[in-house]
Structure formats: structure tokens, C-alpha cells
Amino acid sequence: MRRLIDGSPREYHQQMPFQNYAGAACVGYIIGGKVKFGSAGDRTRRRTIRGGIACLTVLAAGGAYLWYDSATSVADKGARATGRPAVPVTVAVAERRDVPIYLTGLGSVQALLSIDIQARVDGELQQVMFTEGQHVKKGDLLAKIDPRPFQATLDQAKAKRAQDAAALIAAEKDLTRAKTLSLKSFETQQNVDLQQAKVDQLKASIAADEAAMESAQTQLDYATIVAPSDGRVGIRRVDPGNIVHASDTRPITSLVLMQPCAVLFVLPATNLTAVRQALKRGPVEVTAFDENGRTALSTGQLLLIDNAIDQATANIHLKAIFSNDDDILWAGEFVNARILVDTRHDVLTIPTTSIQSGPQGVFTWVVTANNMAEPRTIEVGPATDDVTIVTAGIVEGDRVVVAGHYKLQSKAPVIASLIQPSPSPRSSR
């Protein structure tokens, strides 16, 4: 009930819209605080009002639930950020030791001698007396070319020498008679001189015959091919029955001497001073590793440094000699030559896997006494195998992280497990 301006009470009629379940508008009137509808469909309108009130109630409850869930999630995230779980990591202890300093360069194995076995005369290759891959000694018979033409030439040279030798004997006798007659004035001096010239000419012919004999003998010797050195022969490239020539570019086979053998390898020119200093101190050890750098094949000594730096590549060429008694190195094989240039004594080292790079430079994760991770900037020196020399940033006994870096943050709690101690303890000076 409301009062009008004049204060007389009257029933106040207010038109009010409602929403039914189907979404259609219905109109009712509030009279005296009660809802009344028109005369048509009163019962249906009441059901519509009740359904709308139920929908509003459900929506309000859902909104309250979503708000509560969101607030709870934010609270949980904040709680997790405040109490971070410990990160499992693997650590190693910084320790002092003697560290050998190596330089490694790519190289190839070369035979100490590499010889192409070729024909030195023309003729038919009659026999091959070697087995492919066979070890031979110097002077062993390898092949034979038809010797008959060269034997005939030698025989002709010998016959010519015998003929000239007989003529010389007759000329010398004539010269003796001419000199005797000349003393008795029965022969002129001119004839004596002519006879002397004939003797000298025949002597020269004999000398030429002897040279021809030596040449023919050499050609005959070339028909028999022997090993010029110890070594291993390779694949036979010419079969018996073929005609070979001294001008052939294809050899009959090849021979290499691999005991000892050499390794030629390169290093950056910046290492020249270190290598030269190592040579001044004494013999420099060189180890040949396989192409993958994992298996040590043989150990030798550095023989020399090439006399000039290759300006095109800024590299120096080096040669090492290996006894190769076990015949493990093979001619033409690619190897990694590792040269020992120095040994650093009693230096601080950490595993190379613990070293990281970041915007601030090189650093490592250090586990503090209360098991918190802490990044620490370090200065490093040469690295050998799986350890690196550290010159500043950590001290002996510090625990450094070698596995599990990617989960770490500064001041993060960690669960540290220590790896097995290094098999190389600190060495005395």
C-alpha cells in the first residue's frame, strides 16, 4: 500500500514483466504486495515464475563455485612458488691433480716407402712370382719379362768386343814391326804414326764394346723384376702374357714399407710455440687414435715440424714416426694424432660436463653446504679428456653439478648425489 499525495490510502498497481521457461514475456500486476495475473492462464504463469527463480538460483550458485575455485588455484600456485621442491642433481668434487696437456690434429698414415713396381724394359710379361698382399724382402723375385731379346743383344756386344780385341792384337804387332824397321831406316815415321793411330782406335772400340756389353747386361737384368725394399706388395694390375713398356703409367703392382711408418697431421699455427718448446725439452710422444678419436692405435714420437706455415690454412704440418710392429696402422688410414706438449702439476680441475655458458660468460652450478644451487662465474684453462683446469671462481672441495642443470634456478634446493671419485688422484710434484 502506498499513499497518494493527499494521504489517502489506495491500492498501488504496478505492471511487472516476467520470463517464462521458453523465454516468452508475461505480464502480471502486483496488487497489495501480491502478484495477480489476468484471467487467462493464471496457473501456467505461476509455473513460469517459479522456473525463472530456480534458474537464477542455479546460475548464482555456479558463479560462486567458479569464483571459489579460481581463488583456490591462485592460492595453491602461490604456495608452490613459496615452497619449491628439491631438484635431484649429480655432483662432483673439485680436486687437484696433474693434468697432461694434449693437442689433437687430423692426419693420415703414410708408408715410410711407397714404390710402384714398373717394367723398365719393353717385352712380354712372362711370369709373376708374388702373391697379392705378400710380405717380401729386398731382392725377392717379383716378375719376369721375356729375356731373350736382351740376351741376344748382350751376346752381340760380347762378340764385337772379341772381334775388336783380336784386331788390336794384330795392330799392336804391326806397330812393333814398323818401329823396328824405322830404327833401321827401312820404314818411314809416317807409317809408324799411322799404325799407332790404328792401335789406339781399336782400343777405343774395345772400350765402346765393353760399354755396350754393360748396357746389354743391364737391360737383361731389368727383365727380372725384384723387390727394391722390404715391404708388402699390393694388388696385381698386369697379368702374365701382356706386353709391358717402360713408358707405361700403370704399374705391375705397388710395394709399401709400413714398419716403421709415418703419420702426417696438422695443427693450428697458434700451437707452434708450444710444440717447439716441447721438442726442446726432449722426445715428444704422439698417440694415433682411430678416426672417431676413441681407440688408441699406436704410440710414436714426433719427428719434425715442417719448415713453413701453410698461409692458406694457417696450419702447421707435422710428421711423427711409429714402429708399427703390430702392423695396426695402414697406409692411407685417417687418424687423430694426439701430441703431449706439457703436464700441469697440482692444478684445480672439475669435470668438463659441469661447465656451462651464459650471458655473463662461463659458469658452473655449485651446491652450497645447505644444499642450495648457486651459479658461479669461473675462469677455465685447457681441457683434457673429461676434466678442465679451473684458474678462478671455485676452490678445492666445492661440489659442482655435472647432471641436472636444466632444472636449476638460483637458490633452488637440491638433492645431491656424488659421482664415483676420479681414478686419477692428486699426483705429487
# chains A, B, ... in the order shown; residues from 1 in each chain; ligands from 1
call {"tool": "residues_around", "arguments": {"residues": "segment 408-421 of chain A", "least_positions_apart": "5", "cutoff": "9 Å", "atoms": "only C-alpha atoms", "output": "VMD selection string"}}
result
chain A and resid 84 to 93 365 367 370 to 375 399 401 to 402
call {"tool": "write_last_selection", "arguments": {"atoms": "N, CA and C atoms", "output": "compact mmCIF listing (two decimals), in the first residue's frame"}}
result
# COMPACT_ATOMS: atom_id res chain seq x y z
N ARG A 84 59.50 -24.45 -3.08
CA ARG A 84 59.89 -25.20 -4.27
C ARG A 84 60.40 -26.58 -3.89
N PRO A 85 60.05 -27.60 -4.66
CA PRO A 85 60.55 -28.94 -4.36
C PRO A 85 62.04 -29.04 -4.68
N ALA A 86 62.74 -29.91 -4.01
CA ALA A 86 64.17 -30.10 -4.23
C ALA A 86 64.43 -30.77 -5.58
N VAL A 87 65.47 -30.31 -6.28
CA VAL A 87 65.82 -30.82 -7.61
C VAL A 87 66.92 -31.87 -7.45
N PRO A 88 66.72 -33.09 -7.96
CA PRO A 88 67.79 -34.09 -7.90
C PRO A 88 68.90 -33.79 -8.90
N VAL A 89 70.14 -33.74 -8.47
CA VAL A 89 71.28 -33.47 -9.33
C VAL A 89 72.41 -34.43 -8.97
N THR A 90 73.36 -34.53 -9.90
CA THR A 90 74.58 -35.30 -9.67
C THR A 90 75.74 -34.33 -9.58
N VAL A 91 76.57 -34.50 -8.57
CA VAL A 91 77.66 -33.55 -8.33
C VAL A 91 78.99 -34.27 -8.32
N ALA A 92 80.05 -33.49 -8.54
CA ALA A 92 81.43 -33.96 -8.41
C ALA A 92 82.19 -32.93 -7.59
N VAL A 93 83.29 -33.37 -7.00
CA VAL A 93 84.07 -32.50 -6.14
C VAL A 93 85.27 -31.96 -6.90
N TRP A 365 77.39 -24.57 -11.82
CA TRP A 365 76.48 -24.61 -10.69
C TRP A 365 77.20 -25.26 -9.51
N VAL A 367 76.89 -26.47 -5.47
CA VAL A 367 75.97 -26.83 -4.40
C VAL A 367 76.59 -26.39 -3.08
N ASN A 370 74.35 -25.91 2.53
CA ASN A 370 72.95 -26.17 2.90
C ASN A 370 72.15 -26.70 1.72
N ASN A 371 72.87 -27.30 0.74
CA ASN A 371 72.24 -27.96 -0.42
C ASN A 371 71.35 -27.00 -1.22
N MET A 372 71.89 -25.83 -1.53
CA MET A 372 71.23 -24.86 -2.40
C MET A 372 72.12 -24.67 -3.64
N ALA A 373 71.48 -24.55 -4.81
CA ALA A 373 72.21 -24.36 -6.06
C ALA A 373 72.59 -22.89 -6.21
N GLU A 374 73.82 -22.67 -6.65
CA GLU A 374 74.31 -21.30 -6.81
C GLU A 374 75.16 -21.22 -8.06
N PRO A 375 74.78 -20.38 -9.06
CA PRO A 375 75.64 -20.22 -10.24
C PRO A 375 76.87 -19.39 -9.89
N ARG A 399 81.48 -28.56 -4.48
CA ARG A 399 80.68 -29.53 -5.21
C ARG A 399 80.04 -28.85 -6.41
N VAL A 401 77.77 -29.25 -10.12
CA VAL A 401 76.72 -30.08 -10.71
C VAL A 401 77.19 -30.56 -12.08
N VAL A 402 77.12 -31.87 -12.30
CA VAL A 402 77.51 -32.44 -13.59
C VAL A 402 76.31 -32.98 -14.36
call {"tool": "residues_around", "arguments": {"residues": "Trp330 of chain A", "least_positions_apart": "6", "cutoff": "12 Å", "atoms": "only C-alpha atoms", "output": "tab-separated table (two decimals) with C-alpha atoms, in the first residue's frame"}}
result
chain	number	residue	atom	x	y	z
A	108	SER	CA	96.79	-39.77	-42.27
A	109	VAL	CA	99.13	-42.74	-42.18
A	110	GLN	CA	101.87	-42.84	-44.78
A	111	ALA	CA	104.27	-45.62	-45.62
A	112	LEU	CA	107.91	-44.90	-44.97
A	232	ARG	CA	104.10	-55.56	-48.63
A	256	VAL	CA	104.87	-50.18	-49.25
A	257	LEU	CA	107.14	-50.29	-46.22
A	258	MET	CA	104.98	-49.96	-43.07
A	259	GLN	CA	107.47	-50.97	-40.38
A	260	PRO	CA	108.21	-48.26	-39.46
A	261	CYS	CA	105.59	-45.89	-40.85
A	262	ALA	CA	104.77	-42.20	-40.53
A	263	VAL	CA	101.74	-40.08	-39.67
A	288	ALA	CA	97.44	-42.22	-33.03
A	290	ASP	CA	91.12	-44.05	-34.80
A	297	LEU	CA	96.03	-47.48	-32.15
A	298	SER	CA	99.74	-46.91	-31.66
A	322	PHE	CA	105.72	-45.14	-35.46
A	324	ASN	CA	104.11	-50.24	-36.10
call {"tool": "residues_around", "arguments": {"residues": "Asp174 of chain A", "least_positions_apart": "4", "cutoff": "8 Å", "atoms": "only C-alpha atoms", "output": "PyMOL selection string"}}
result
chain A and resi 170+178+195
call {"tool": "residues_around", "arguments": {"residues": "Gln196 of chain A", "least_positions_apart": "5", "cutoff": "10 Å", "atoms": "only C-alpha atoms", "output": "JSON list (two decimals) with N, CA and C atoms, in the first residue's frame"}}
result
[["chain", "number", "residue", "atom", "x", "y", "z"],
["A", 171, "ALA", "N", 147.15, -55.30, -84.74],
["A", 171, "ALA", "CA", 147.65, -53.94, -84.95],
["A", 171, "ALA", "C", 148.84, -53.64, -84.07],
["A", 172, "GLU", "N", 148.82, -54.13, -82.85],
["A", 172, "GLU", "CA", 149.97, -53.91, -81.97],
["A", 172, "GLU", "C", 151.22, -54.60, -82.52],
["A", 174, "ASP", "N", 151.85, -55.21, -85.74],
["A", 174, "ASP", "CA", 152.28, -54.41, -86.88],
["A", 174, "ASP", "C", 153.00, -53.16, -86.42],
["A", 175, "LEU", "N", 152.52, -52.57, -85.33],
["A", 175, "LEU", "CA", 153.19, -51.38, -84.82],
["A", 175, "LEU", "C", 154.60, -51.71, -84.34],
["A", 176, "THR", "N", 154.78, -52.85, -83.71],
["A", 176, "THR", "CA", 156.10, -53.24, -83.22],
["A", 176, "THR", "C", 157.06, -53.43, -84.38],
["A", 178, "ALA", "N", 156.82, -52.08, -87.35],
["A", 178, "ALA", "CA", 157.08, -50.79, -88.01],
["A", 178, "ALA", "C", 158.10, -49.98, -87.24],
["A", 179, "LYS", "N", 158.08, -50.03, -85.95],
["A", 179, "LYS", "CA", 159.05, -49.31, -85.14],
["A", 179, "LYS", "C", 160.46, -49.89, -85.34],
["A", 190, "GLN", "N", 156.10, -41.76, -90.87],
["A", 190, "GLN", "CA", 154.67, -41.54, -91.14],
["A", 190, "GLN", "C", 153.90, -42.85, -91.00],
["A", 191, "ASN", "N", 154.45, -43.95, -91.53],
["A", 191, "ASN", "CA", 153.76, -45.22, -91.41],
["A", 191, "ASN", "C", 153.69, -45.70, -89.96],
["A", 201, "GLN", "N", 142.81, -46.60, -82.02],
["A", 201, "GLN", "CA", 141.41, -46.69, -82.46],
["A", 201, "GLN", "C", 140.78, -48.00, -82.03]]
call {"tool": "atom_distance", "arguments": {"atom1": "atom CA of Ala383 of chain A", "atom2": "atom CA of Gln356 of chain A"}}
result
13.9 Å
call {"tool": "residues_around", "arguments": {"residues": "segment 378-382 of chain A", "least_positions_apart": "4", "cutoff": "7 Å", "atoms": "only C-alpha atoms", "output": "JSON, numbers by chain"}}
result
{"A": [362, 363, 388, 389, 390, 391, 392, 393, 394]}
call {"tool": "residues_around", "arguments": {"residues": "segment 219-222 of chain A", "least_positions_apart": "3", "cutoff": "10 Å", "atoms": "only C-alpha atoms", "output": "list in words"}}
result
Ala119, Arg120, Val121, Asp122, Lys144, Ile145, Asp146, Pro147, Arg148, Pro149, Phe150, Gln151, Ala152, Thr153, Leu154, Met213, Glu214, Ser215, Ala216, Ile225 and Val226 of chain A
call {"tool": "atom_distance", "arguments": {"atom1": "atom CA of Leu340 of chain A", "atom2": "atom CA of Asp326 of chain A"}}
result
22.6 Å
